[in-house]
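K.L.:
This is the structure I have questions about; it appears just below.
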There are 2 protein chains.
Amino acid sequence: MSAPSRPSARARIAEPLSIGGVQFADVTEFHRWFAGVADRTHMTVERLGLAELTGWAQDEATGIIRHHSGKFFSVESLDVRVTSGPVPQWSQPIINQPEVGILGILIKDFDGVPHCLMQAKHEPGNHNGLQLSPTVQATKSNYTRVHGGRSVPYLDYFRNPAAADVIADTRQSEQGSWFYRKRNRNMIVQVPENGAAADDLTLEDGFCWLTLGQVYELLRVPDLVNMDARTVLACLPFAGVDVVVSDNAPAEQTACLTSAVGASTDFESALARSRVAERGLHTTGDVLSWITDTRIRTDLHAERGPLAELRGWQHDGARIFHETGRFFDVIGVGVDAGGREIASWTQPMIEQIGTGVVAFLVKPIDGVLHVLMHARTEPGYTDVTELAPTVQCVPQNYDVLPAAARPPFLDEVLDAAPERIRFDTILSEEGGRFFGARNRYLVVETDLEALPAQGDYRWLTLHQLAELMRHSFYLNVQARSLVVCLRSLATASPGPRGAY
Amino acid sequence: MSAPSRPSARARIAEPLSIGGVQFADVTEFHRWFAGVADRTHMTVERLGLAELTGWAQDEATGIIRHHSGKFFSVESLDVRVTSGPVPQWSQPIINQPEVGILGILIKDFDGVPHCLMQAKHEPGNHNGLQLSPTVQATKSNYTRVHGGRSVPYLDYFRNPAAADVIADTRQSEQGSWFYRKRNRNMIVQVPENGAAADDLTLEDGFCWLTLGQVYELLRVPDLVNMDARTVLACLPFAGVDVVVSDNAPAEQTACLTSAVGASTDFESALARSRVAERGLHTTGDVLSWITDTRIRTDLHAERGPLAELRGWQHDGARIFHETGRFFDVIGVGVDAGGREIASWTQPMIEQIGTGVVAFLVKPIDGVLHVLMHARTEPGYTDVTELAPTVQCVPQNYDVLPAAARPPFLDEVLDAAPERIRFDTILSEEGGRFFGARNRYLVVETDLEALPAQGDYRWLTLHQLAELMRHSFYLNVQARSLVVCLRSLATASPGPRGAY
């Protein structure tokens with residue numbers, strides 16, 4: 001992890017596998033390449049006291065932690081009152097990052113097979129250092145070079161795309177428990193297989209081409225496909241990429257229904273049907289009306305304020321922590337990196353206490369797989385509530401909360417028989433702001449009775465979820481990750497052509 | 001306008017026309033009924049100085065005008081900085097009304113023909129007193145009875161609808177130049193023709209049943225169909241109402257395409273095709289990407305603040321006005337009403353200076369009618385930009401603004417040959433907050449070349465606009481009104497069955 005960047009190494013590894021860049025016959029080849037990148041790049045991270053950070057200062061009067069440039073983000077406090085839920089009022093530290101960054105994946109066909117341009121990238125919060133990231137992952141401070149670093153590779157494909165190349169382009173929220181109204185622009189851009197744009201596309205060190213099938217296979221590796229990659233992939237419309245571009249939905253539907261018939265298990269058939277089911281247990285109109293109702297019914301007051309004297313939290317100069325020791329800490333880190341925009345910096349981060357559980361309960365209803373979605377309020381959401389996974393929590397936090405706060409369906413997930421667990425992998429949250437934040441992502445098939453309306457829960461099809469993700473702020477970031485996990489189950493053994 | 005309410009009058013007029021309520025063979029019958037309501041109800045409005053208002057007070061330090069209950073709304077100031085547009089910075093008074101009200105229309109079939117339950121309702125700002133309003137038009141203060149008035153008729157149909165009855169249900173913005181993030185819940189609820197809900201539905205005084213065709217015909221009467229009715233009707237999905245409920249889009253598409261073939265003019269054929277054209281000059285994906293881009297590219301800072309010492313505005317105790325005499329005034333009114341929740345009150349209002357021009361340029365492209373939409377930023381929008389009409393302005397304001405501020409396409413609209421003008425009626429804005437605010441609404445067929453991208457303008461089909469209106473904050477209130485005007489042109493002579 002300490003060797004400097006050696007560009008020649010990339011070429012040596014890449015060439016035997018290459019069709020115009022780093023590509024892989026299978027994921028074993030990918031792992032070999034990825035280990036090579038890890039060998040020749042490094043990032044060392046050490047914990048620092050908040051008072052030791054360079055370029056960051058705590059305002060004497062308010063306690064708010066800001067960068068001297070006024071850019072990047074600040075750590076403030078949030079006073080929360082909410083009419084729904086078992087905890088009606090609390091205070092907490094929160095990250096305020098008003099800039100809208102770009103998370104983008106570039107797609108290009110090789111011999112007719114779409115490939116995603118992915119990056120092996122270090123982030124200080126990644127507990128294993130290197131993870132698989134989207135083509136571009138840049139804050140505005142980042143790509144306007146506030147820190148005076150290197151330019152962001154491939155950024156122009158996203159800042160100035162031809163309209164015809166844009167497959168997905170929508171702002172989406174991130175963790176509403178830790179971020180105040182953070183949103184990023186999630187983009188998928190496709191360059192034609194041939195032509196000037198394709199010819200100009202040269203592979204930078206640390207980047208590789210993966211089929212979607214390979215990315216889906218890699219999702220099962222703990223802490224590998226990072227959060228930013230997952231949230232972008234979630235926005236991929238259901239269709240072969242070329243079909244999407246021509247907006248030709250009926251053609252895809254036919255193809256999918258055919259594959260449903262040919263699917264090898266009931267689960268796979270139900271999943272394939274779910275991709276094309278415009279109407280499930282509920283019409284989309286009913287779902288939209290339910291979302292409207294929850295957003296109006298829930299009275300959320302979230303007021304930003306000074307960080308000093310935050311009720312229930314302590315600040316010992318080194319870190320900010322809850323007096324129960326639960327939830328999360330605000331810590332400082334010092335970073336020394338090779339192969340990034342700049343070589344070293346310090347910053348505050350949020351450290352989640354404990355590993356979370358993020359789960360979809362799913363169930364075929366009339367042969368169509370449905371997902372039990374939860375209309376969840378988090379204080380940092382732009383629009384009060386978003387659709388969240390069936391279960392999303394850190395179980396140990398409930399030791400210090402009222403018994404009524406224990407999340408519904410948590411035991412259903414934790415006690416599920418092994419054969420009902422369709423997906424179960426620990427994945428990391430964003431390593432640029434969160435220090436070692438990891439959640440166990442599960443897709444569990446349930447035999448619970450699917451009631452039409454279960455409080456703040458509704459059963460939706462994958463098609464309905466995909467339609468909602470064309471618009472901003474309907475699905476939260478954990479649900480978007482799980483949608484990708486669920487989509488990855490569509491083929492038992494994805495080959496290089498992958499599954500869309 | 002001064003006689004007290006005489007309930008017996010309603011029954012006398014209604015019965016000869018009635019099928020279970022006040023219905024009309026044609027709009028002449030409607031006008032007779034409407035005149036009857038006007039005869040037996042009244043509202044008198046007098047101008048008052050802001051200092052003379054009862055129950056409203058101006059904060060001594062900030063100048064902010066508030067109701068003593070803390071409810072209803074306040075008049076504050078907004079400091080605006082925006083990166084796009086010819087005026088980069090200004091200050092103005094603004095209404096802050098954070099509560100989400102309900103605007104709802106109840107629909108019920110009579111002998112298989114859907115009818116809208118409409119109300120003849122006075123508002124203090126209506127320059128002609130009585131206008132045709134939706135079934136329910138209630139602020140939260142209103143329906144939770146902060147002012148201790150009567151209950152709102154039919155409210156329960158919207159507060160507790162059966163899911164299957166909800167045809168449209170979405171929050172939509174209102175004037176972003178005068179309101180700070182105001183939004184109302186727009187709902188269309190259908191009760192079955194027969195059964196308990198239908199039996200319980202008795203007609204209150206001042207209410208009537210109109211077919212959609214009749215409402216469309218009445219749209220051509222100046223200042224009759226009010227803004228709230230228009231914004232709700234805009235949310236009606238394209239389909240026979242029963243088809244909508246079953247989410248059976250393909251059936252409607254077939255019906256519409258058939259009617260396009262049978263339409264009597266090229267314009268009508270193009271309009272009929274526009275209702276079903278999922279893809280026009282742009283794919284919906286491209287449209288969504290364009291909206292995402294404008295919302296991220298436009299840096300809007302709108303900060304609420306004290307009303308005292310607002311730069312460029314004067315307050316003489318009676319009213320607040322711009323030093324140029326343009327834009328709008330904040331005035332006070334005293335209201336004395338019969339047949340409303342309470343009998344008299346005072347309140348501040350906004351008085352628009354001059355009559356505005358609100359216009360769609362439309363054009364068949366490949367036989368499908370397209371509307372030229374403008375991505376417009378108004379300081380009070382929740383999400384930076386919304387799609388607005390091609391032209392939306394008060395022309396005389398531009399006498400005092402830089403020449404570059406003169407809106408594109410304004411002359412194209414004002415100089416249009418008569419045969420190109422498809423719709424041209426003066427309609428009122430909401431009379432509860434705006435005093436005599438009227439705009440000339442036009443639909444003009446243009447022979448301008450339809451370029452794929454024209455700065456902040458794009459050509460969209462009616463189907464694309466209807467899809468966007470299923471979600472919040474895509475179309476502004478003026479555009480929603482014009483969508484209804486355009487939809488009303490679908491049949492040359494709408495009969496009682498109307499057009500959907």
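Here's how to read the names in the structure tokens: chain A, B, ... by the order shown, residue numbers from 1 in each chain, ligand numbers from 1 in the order shown.
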At most 10 Å is the cut-off: for each residue in chain B with any atom that close to an atom of chain A, write down the nearest atom pair and the distance in Å rounded to one decimal, counting only C-alpha atoms, chain first then increasing number, as JSON lines.

P.N.:
{"residue": "B:Glu99", "atom": "CA", "partner": "A:Ile296", "partner_atom": "CA", "distance": 9.3}
{"residue": "B:Val100", "atom": "CA", "partner": "A:Ile296", "partner_atom": "CA", "distance": 7.2}
{"residue": "B:Gly101", "atom": "CA", "partner": "A:Ile296", "partner_atom": "CA", "distance": 9.5}
{"residue": "B:Arg159", "atom": "CA", "partner": "A:Asp293", "partner_atom": "CA", "distance": 9.4}
{"residue": "B:Ala162", "atom": "CA", "partner": "A:Asp286", "partner_atom": "CA", "distance": 9.9}
{"residue": "B:Ala163", "atom": "CA", "partner": "A:Asp286", "partner_atom": "CA", "distance": 6.2}
{"residue": "B:Ala164", "atom": "CA", "partner": "A:Asp286", "partner_atom": "CA", "distance": 7.4}
{"residue": "B:Asp165", "atom": "CA", "partner": "A:Asp286", "partner_atom": "CA", "distance": 9.2}
{"residue": "B:Val166", "atom": "CA", "partner": "A:Asp286", "partner_atom": "CA", "distance": 7.1}
{"residue": "B:Ile167", "atom": "CA", "partner": "A:Gly285", "partner_atom": "CA", "distance": 7.1}
{"residue": "B:Ala168", "atom": "CA", "partner": "A:Gly285", "partner_atom": "CA", "distance": 7.0}
{"residue": "B:Asp169", "atom": "CA", "partner": "A:Ser289", "partner_atom": "CA", "distance": 5.0}
{"residue": "B:Thr170", "atom": "CA", "partner": "A:Thr292", "partner_atom": "CA", "distance": 5.9}
{"residue": "B:Arg171", "atom": "CA", "partner": "A:Thr292", "partner_atom": "CA", "distance": 6.9}
{"residue": "B:Asn184", "atom": "CA", "partner": "A:Ile296", "partner_atom": "CA", "distance": 9.8}
{"residue": "B:Arg185", "atom": "CA", "partner": "A:Thr292", "partner_atom": "CA", "distance": 8.0}
{"residue": "B:Asn186", "atom": "CA", "partner": "A:Thr292", "partner_atom": "CA", "distance": 9.9}
{"residue": "B:Met187", "atom": "CA", "partner": "A:Ser289", "partner_atom": "CA", "distance": 9.0}
{"residue": "B:Pro237", "atom": "CA", "partner": "A:Gly285", "partner_atom": "CA", "distance": 10.0}
{"residue": "B:Val244", "atom": "CA", "partner": "A:Gly285", "partner_atom": "CA", "distance": 9.1}
{"residue": "B:Val245", "atom": "CA", "partner": "A:Gly285", "partner_atom": "CA", "distance": 8.4}
{"residue": "B:Ser246", "atom": "CA", "partner": "A:Thr283", "partner_atom": "CA", "distance": 8.0}
{"residue": "B:Asp247", "atom": "CA", "partner": "A:Thr283", "partner_atom": "CA", "distance": 6.7}
{"residue": "B:Asn248", "atom": "CA", "partner": "A:Arg279", "partner_atom": "CA", "distance": 9.5}
{"residue": "B:Glu278", "atom": "CA", "partner": "A:Asp247", "partner_atom": "CA", "distance": 8.9}
{"residue": "B:Arg279", "atom": "CA", "partner": "A:Asp247", "partner_atom": "CA", "distance": 7.7}
{"residue": "B:His282", "atom": "CA", "partner": "A:Ala163", "partner_atom": "CA", "distance": 9.1}
{"residue": "B:Thr283", "atom": "CA", "partner": "A:Asp247", "partner_atom": "CA", "distance": 6.7}
{"residue": "B:Thr284", "atom": "CA", "partner": "A:Asp247", "partner_atom": "CA", "distance": 8.1}
{"residue": "B:Gly285", "atom": "CA", "partner": "A:Ala168", "partner_atom": "CA", "distance": 7.0}
{"residue": "B:Asp286", "atom": "CA", "partner": "A:Ala163", "partner_atom": "CA", "distance": 6.2}
{"residue": "B:Val287", "atom": "CA", "partner": "A:Ala163", "partner_atom": "CA", "distance": 9.2}
{"residue": "B:Leu288", "atom": "CA", "partner": "A:Asp169", "partner_atom": "CA", "distance": 7.2}
{"residue": "B:Ser289", "atom": "CA", "partner": "A:Asp169", "partner_atom": "CA", "distance": 5.0}
{"residue": "B:Trp290", "atom": "CA", "partner": "A:Ala163", "partner_atom": "CA", "distance": 8.5}
{"residue": "B:Ile291", "atom": "CA", "partner": "A:Thr170", "partner_atom": "CA", "distance": 8.8}
{"residue": "B:Thr292", "atom": "CA", "partner": "A:Thr170", "partner_atom": "CA", "distance": 5.9}
{"residue": "B:Asp293", "atom": "CA", "partner": "A:Asp169", "partner_atom": "CA", "distance": 8.4}
{"residue": "B:Arg295", "atom": "CA", "partner": "A:Arg171", "partner_atom": "CA", "distance": 9.5}
{"residue": "B:Ile296", "atom": "CA", "partner": "A:Val100", "partner_atom": "CA", "distance": 7.2}
{"residue": "B:Arg297", "atom": "CA", "partner": "A:Val100", "partner_atom": "CA", "distance": 9.8}
{"residue": "B:Thr382", "atom": "CA", "partner": "A:Thr382", "partner_atom": "CA", "distance": 9.7}
{"residue": "B:Asp383", "atom": "CA", "partner": "A:Thr382", "partner_atom": "CA", "distance": 9.8}
{"residue": "B:Ala453", "atom": "CA", "partner": "A:Ala163", "partner_atom": "CA", "distance": 9.9}
{"residue": "B:Leu468", "atom": "CA", "partner": "A:His471", "partner_atom": "CA", "distance": 9.6}
{"residue": "B:Arg470", "atom": "CA", "partner": "A:Leu288", "partner_atom": "CA", "distance": 7.8}
{"residue": "B:His471", "atom": "CA", "partner": "A:Leu288", "partner_atom": "CA", "distance": 7.8}
{"residue": "B:Ser472", "atom": "CA", "partner": "A:Thr292", "partner_atom": "CA", "distance": 9.0}

K.L.:
Mind checking which residues fall within 10 Å of Ala57 (chain B), counting only C-alpha atoms, ignoring those fewer than 6 positions away in the same chain, and posting them as a PyMOL selection string?

P.N.:
chain B and resi 50-51+63-68+74

K.L.:
Using CA of Gly332 (chain B) and CA of Lys121 (chain B) as the two end points, give the distance in Å to one decimal.

P.N.:
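A separation of 20.7 Å between them.
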
K.L.:
For Thr385 (chain A), find every residue with an atom within 8 Å (counting only C-alpha atoms), except residues of its own chain fewer than 6 positions away, and show them as a ChimeraX atom specification.

P.N.:
/A:291,294-295,375-378

K.L.:
Rank B:Asp111, B:Asp26, B:Glu193, B:Glu351 by their smallest atom-to-atom distance to His322 (chain B), using only C-alpha atoms, and report the top residue only.

P.N.:
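Going through B:Asp111, B:Asp26, B:Glu193, B:Glu351 one by one, the smallest distance to His322 (chain B) is for B:Glu351.
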
K.L.:
Residues near region 305-319 of chain A, anyone? I mean within 8 Å using only C-alpha atoms, not counting same-chain ones fewer than 4 positions away, as a list of chain:residue names.

P.N.:
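Contacts, in chain order: A:Leu48, A:Gly49, A:Leu50, A:Ala51, A:Glu52, A:Ala61, A:Thr62, A:Gly63, A:Ile64, A:Val75, A:Glu76, A:Ser77, A:Leu78, A:Asp79, A:Ser91, A:Gln92, A:Pro93, A:Glu323, A:Asp329, A:Val330, A:Ile331, A:Gly332.
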
K.L.:
Go ahead and write the selection's residues with all heavy atoms as a compact mmCIF listing (two decimals), in the first residue's frame.

P.N.:
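Written out: out_23.txt:
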# COMPACT_ATOMS: atom_id res chain seq x y z
N LEU A 48 -7.17 11.88 14.22
CA LEU A 48 -6.70 13.12 14.84
C LEU A 48 -7.82 13.66 15.72
O LEU A 48 -9.00 13.41 15.46
CB LEU A 48 -6.36 14.17 13.78
CG LEU A 48 -5.20 13.87 12.81
CD1 LEU A 48 -5.10 14.99 11.78
CD2 LEU A 48 -3.89 13.75 13.58
N GLY A 49 -7.44 14.43 16.72
CA GLY A 49 -8.45 15.17 17.46
C GLY A 49 -9.02 16.26 16.57
O GLY A 49 -8.33 16.78 15.68
N LEU A 50 -10.29 16.59 16.78
CA LEU A 50 -10.90 17.64 15.96
C LEU A 50 -10.11 18.95 16.07
O LEU A 50 -10.01 19.70 15.10
CB LEU A 50 -12.35 17.87 16.41
CG LEU A 50 -13.34 16.77 15.98
CD1 LEU A 50 -14.68 16.96 16.69
CD2 LEU A 50 -13.53 16.75 14.47
N ALA A 51 -9.52 19.19 17.24
CA ALA A 51 -8.76 20.43 17.42
C ALA A 51 -7.44 20.42 16.65
O ALA A 51 -6.84 21.48 16.43
CB ALA A 51 -8.50 20.64 18.92
N GLU A 52 -7.02 19.22 16.21
CA GLU A 52 -5.72 19.12 15.52
C GLU A 52 -5.83 19.31 14.01
O GLU A 52 -4.82 19.25 13.31
CB GLU A 52 -5.12 17.73 15.77
CG GLU A 52 -4.80 17.42 17.22
CD GLU A 52 -4.34 15.97 17.36
OE1 GLU A 52 -3.16 15.70 17.15
OE2 GLU A 52 -5.20 15.10 17.65
N ALA A 61 -17.83 31.06 18.93
CA ALA A 61 -19.17 31.31 19.49
C ALA A 61 -20.11 30.11 19.29
O ALA A 61 -20.82 29.72 20.21
CB ALA A 61 -19.77 32.56 18.85
N THR A 62 -20.10 29.53 18.10
CA THR A 62 -21.13 28.54 17.77
C THR A 62 -20.63 27.10 17.83
O THR A 62 -21.43 26.17 17.88
CB THR A 62 -21.64 28.75 16.33
OG1 THR A 62 -20.54 28.52 15.42
CG2 THR A 62 -22.15 30.18 16.14
N GLY A 63 -19.33 26.94 17.78
CA GLY A 63 -18.79 25.59 17.76
C GLY A 63 -18.85 24.91 16.39
O GLY A 63 -18.40 23.78 16.22
N ILE A 64 -19.41 25.60 15.40
CA ILE A 64 -19.52 25.00 14.06
C ILE A 64 -18.12 24.82 13.47
O ILE A 64 -17.28 25.70 13.58
CB ILE A 64 -20.41 25.89 13.16
CG1 ILE A 64 -21.86 25.79 13.63
CG2 ILE A 64 -20.28 25.49 11.69
CD1 ILE A 64 -22.82 26.71 12.90
N VAL A 75 -19.66 21.07 9.93
CA VAL A 75 -20.36 20.23 10.91
C VAL A 75 -21.12 21.17 11.83
O VAL A 75 -20.52 22.02 12.49
CB VAL A 75 -19.38 19.35 11.70
CG1 VAL A 75 -20.16 18.44 12.66
CG2 VAL A 75 -18.51 18.52 10.76
N GLU A 76 -22.44 21.03 11.80
CA GLU A 76 -23.31 21.92 12.56
C GLU A 76 -24.19 21.06 13.46
O GLU A 76 -23.95 19.86 13.61
CB GLU A 76 -24.18 22.74 11.59
CG GLU A 76 -23.35 23.38 10.48
CD GLU A 76 -24.15 24.21 9.50
OE1 GLU A 76 -25.38 24.35 9.68
OE2 GLU A 76 -23.54 24.71 8.52
N SER A 77 -25.21 21.65 14.04
CA SER A 77 -26.14 20.84 14.81
C SER A 77 -27.52 20.96 14.20
O SER A 77 -27.82 21.90 13.46
CB SER A 77 -26.19 21.30 16.27
OG SER A 77 -27.04 22.43 16.37
N LEU A 78 -28.35 19.97 14.51
CA LEU A 78 -29.72 19.98 14.03
C LEU A 78 -30.64 19.69 15.21
O LEU A 78 -30.42 18.71 15.95
CB LEU A 78 -29.90 18.91 12.94
CG LEU A 78 -31.02 19.12 11.94
CD1 LEU A 78 -30.77 20.35 11.08
CD2 LEU A 78 -31.18 17.90 11.04
N ASP A 79 -31.61 20.56 15.40
CA ASP A 79 -32.66 20.31 16.39
C ASP A 79 -33.86 19.77 15.64
O ASP A 79 -34.36 20.42 14.71
CB ASP A 79 -33.04 21.60 17.12
CG ASP A 79 -32.16 21.82 18.33
OD1 ASP A 79 -31.92 20.84 19.07
OD2 ASP A 79 -31.70 22.95 18.53
N SER A 91 -31.58 16.21 19.37
CA SER A 91 -30.57 17.07 18.76
C SER A 91 -29.39 16.20 18.34
O SER A 91 -29.15 15.16 18.94
CB SER A 91 -30.07 18.11 19.77
OG SER A 91 -31.15 18.92 20.19
N GLN A 92 -28.67 16.63 17.33
CA GLN A 92 -27.55 15.83 16.83
C GLN A 92 -26.61 16.70 16.00
O GLN A 92 -27.03 17.71 15.45
CB GLN A 92 -28.08 14.68 15.97
CG GLN A 92 -28.78 15.15 14.70
CD GLN A 92 -28.97 14.02 13.69
OE1 GLN A 92 -29.93 13.25 13.79
NE2 GLN A 92 -28.04 13.89 12.75
N PRO A 93 -25.35 16.30 15.87
CA PRO A 93 -24.48 16.94 14.89
C PRO A 93 -24.92 16.51 13.48
O PRO A 93 -25.49 15.43 13.31
CB PRO A 93 -23.09 16.38 15.20
CG PRO A 93 -23.20 15.69 16.53
CD PRO A 93 -24.63 15.26 16.65
N GLU A 323 -23.78 10.87 24.72
CA GLU A 323 -23.48 10.48 26.11
C GLU A 323 -23.77 9.01 26.38
O GLU A 323 -23.23 8.44 27.32
CB GLU A 323 -24.22 11.39 27.10
CG GLU A 323 -25.72 11.40 26.90
CD GLU A 323 -26.40 12.56 27.64
OE1 GLU A 323 -25.71 13.50 28.05
OE2 GLU A 323 -27.64 12.50 27.79
N ASP A 329 -19.95 9.09 16.24
CA ASP A 329 -19.03 10.12 16.74
C ASP A 329 -18.66 11.04 15.57
O ASP A 329 -18.68 10.62 14.41
CB ASP A 329 -17.72 9.49 17.24
CG ASP A 329 -17.92 8.64 18.51
OD1 ASP A 329 -19.05 8.60 19.03
OD2 ASP A 329 -16.92 8.03 18.94
N VAL A 330 -18.30 12.26 15.89
CA VAL A 330 -17.62 13.10 14.90
C VAL A 330 -16.14 13.09 15.27
O VAL A 330 -15.78 13.46 16.40
CB VAL A 330 -18.16 14.55 14.91
CG1 VAL A 330 -17.45 15.38 13.84
CG2 VAL A 330 -19.66 14.56 14.71
N ILE A 331 -15.32 12.61 14.35
CA ILE A 331 -13.88 12.47 14.64
C ILE A 331 -13.09 13.27 13.61
O ILE A 331 -13.65 13.81 12.66
CB ILE A 331 -13.44 10.99 14.58
CG1 ILE A 331 -13.63 10.44 13.15
CG2 ILE A 331 -14.24 10.15 15.58
CD1 ILE A 331 -12.93 9.12 12.90
N GLY A 332 -11.77 13.34 13.81
CA GLY A 332 -10.90 13.95 12.81
C GLY A 332 -9.96 12.90 12.26
O GLY A 332 -9.64 11.91 12.95

K.L.:
Tell me, which residues of region 132-288 of chain A carry DSSP helix (DSSP H, G or I), written as a ChimeraX atom specification?

P.N.:
/A:140-143,155-159,163-165,196-199,212-218,227-234,241-245,249-262,266-276,284-288

K.L.:
Would you save the residues from that selection as a tab-separated table (two decimals), in the first residue's frame, using C-alpha atoms?

P.N.:
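Once everything was written out, this is again.tsv:
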chain	number	residue	atom	x	y	z
A	140	LYS	CA	-18.16	20.80	-6.81
A	141	SER	CA	-15.21	21.99	-4.67
A	142	ASN	CA	-13.44	18.98	-6.10
A	143	TYR	CA	-14.04	19.58	-9.77
A	155	LEU	CA	-15.46	14.82	-15.97
A	156	ASP	CA	-16.19	16.45	-19.33
A	157	TYR	CA	-18.25	13.46	-20.44
A	158	PHE	CA	-20.68	14.39	-17.66
A	159	ARG	CA	-20.45	18.16	-17.69
A	163	ALA	CA	-28.28	14.77	-25.01
A	164	ALA	CA	-28.51	11.44	-26.82
A	165	ASP	CA	-25.77	9.99	-24.63
A	196	ALA	CA	-14.49	10.37	-32.28
A	197	ALA	CA	-15.76	10.22	-28.69
A	198	ALA	CA	-14.83	6.54	-28.40
A	199	ASP	CA	-11.43	7.13	-29.99
A	212	LEU	CA	-22.79	-5.08	-15.66
A	213	GLY	CA	-22.85	-8.81	-14.98
A	214	GLN	CA	-19.35	-8.59	-13.53
A	215	VAL	CA	-20.28	-5.60	-11.35
A	216	TYR	CA	-23.28	-7.56	-10.08
A	217	GLU	CA	-21.05	-10.52	-9.28
A	218	LEU	CA	-18.62	-8.25	-7.42
A	227	MET	CA	-21.90	3.40	-2.21
A	228	ASP	CA	-21.44	5.92	-4.99
A	229	ALA	CA	-21.21	3.16	-7.59
A	230	ARG	CA	-24.33	1.53	-6.18
A	231	THR	CA	-26.44	4.69	-6.19
A	232	VAL	CA	-25.54	5.45	-9.79
A	233	LEU	CA	-26.20	1.88	-10.96
A	234	ALA	CA	-29.60	2.00	-9.25
A	241	VAL	CA	-28.70	0.21	-22.90
A	242	ASP	CA	-29.40	0.76	-26.60
A	243	VAL	CA	-33.09	0.12	-26.02
A	244	VAL	CA	-33.15	2.70	-23.26
A	245	VAL	CA	-31.67	5.33	-25.48
A	249	ALA	CA	-40.01	0.26	-23.56
A	250	PRO	CA	-42.38	-2.28	-25.18
A	251	ALA	CA	-39.47	-4.06	-26.89
A	252	GLU	CA	-37.77	-4.53	-23.55
A	253	GLN	CA	-40.93	-5.72	-21.91
A	254	THR	CA	-41.31	-8.47	-24.46
A	255	ALA	CA	-37.71	-9.54	-23.98
A	256	CYS	CA	-38.08	-9.60	-20.19
A	257	LEU	CA	-41.32	-11.49	-20.21
A	258	THR	CA	-39.70	-14.05	-22.46
A	259	SER	CA	-36.81	-14.39	-20.08
A	260	ALA	CA	-39.26	-14.70	-17.19
A	261	VAL	CA	-40.76	-17.72	-18.87
A	262	GLY	CA	-37.30	-19.18	-19.29
A	266	ASP	CA	-40.05	-19.26	-9.27
A	267	PHE	CA	-38.07	-16.52	-7.57
A	268	GLU	CA	-36.26	-15.59	-10.77
A	269	SER	CA	-39.49	-15.63	-12.76
A	270	ALA	CA	-41.14	-13.38	-10.21
A	271	LEU	CA	-38.12	-11.08	-10.26
A	272	ALA	CA	-38.15	-10.86	-14.06
A	273	ARG	CA	-41.86	-10.04	-14.03
A	274	SER	CA	-41.26	-7.41	-11.36
A	275	ARG	CA	-38.99	-5.50	-13.75
A	276	VAL	CA	-41.86	-4.95	-16.18
A	284	THR	CA	-48.52	3.85	-9.40
A	285	GLY	CA	-51.18	6.50	-8.86
A	286	ASP	CA	-51.99	5.02	-5.46
A	287	VAL	CA	-48.30	4.87	-4.58
A	288	LEU	CA	-47.82	8.54	-5.50

K.L.:
In Å, how far is it from CA of Val191 (chain B) to CA of Pro114 (chain B)?

P.N.:
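One can read the CA of Val191 (chain B) to CA of Pro114 (chain B) distance as 10.1 Å.
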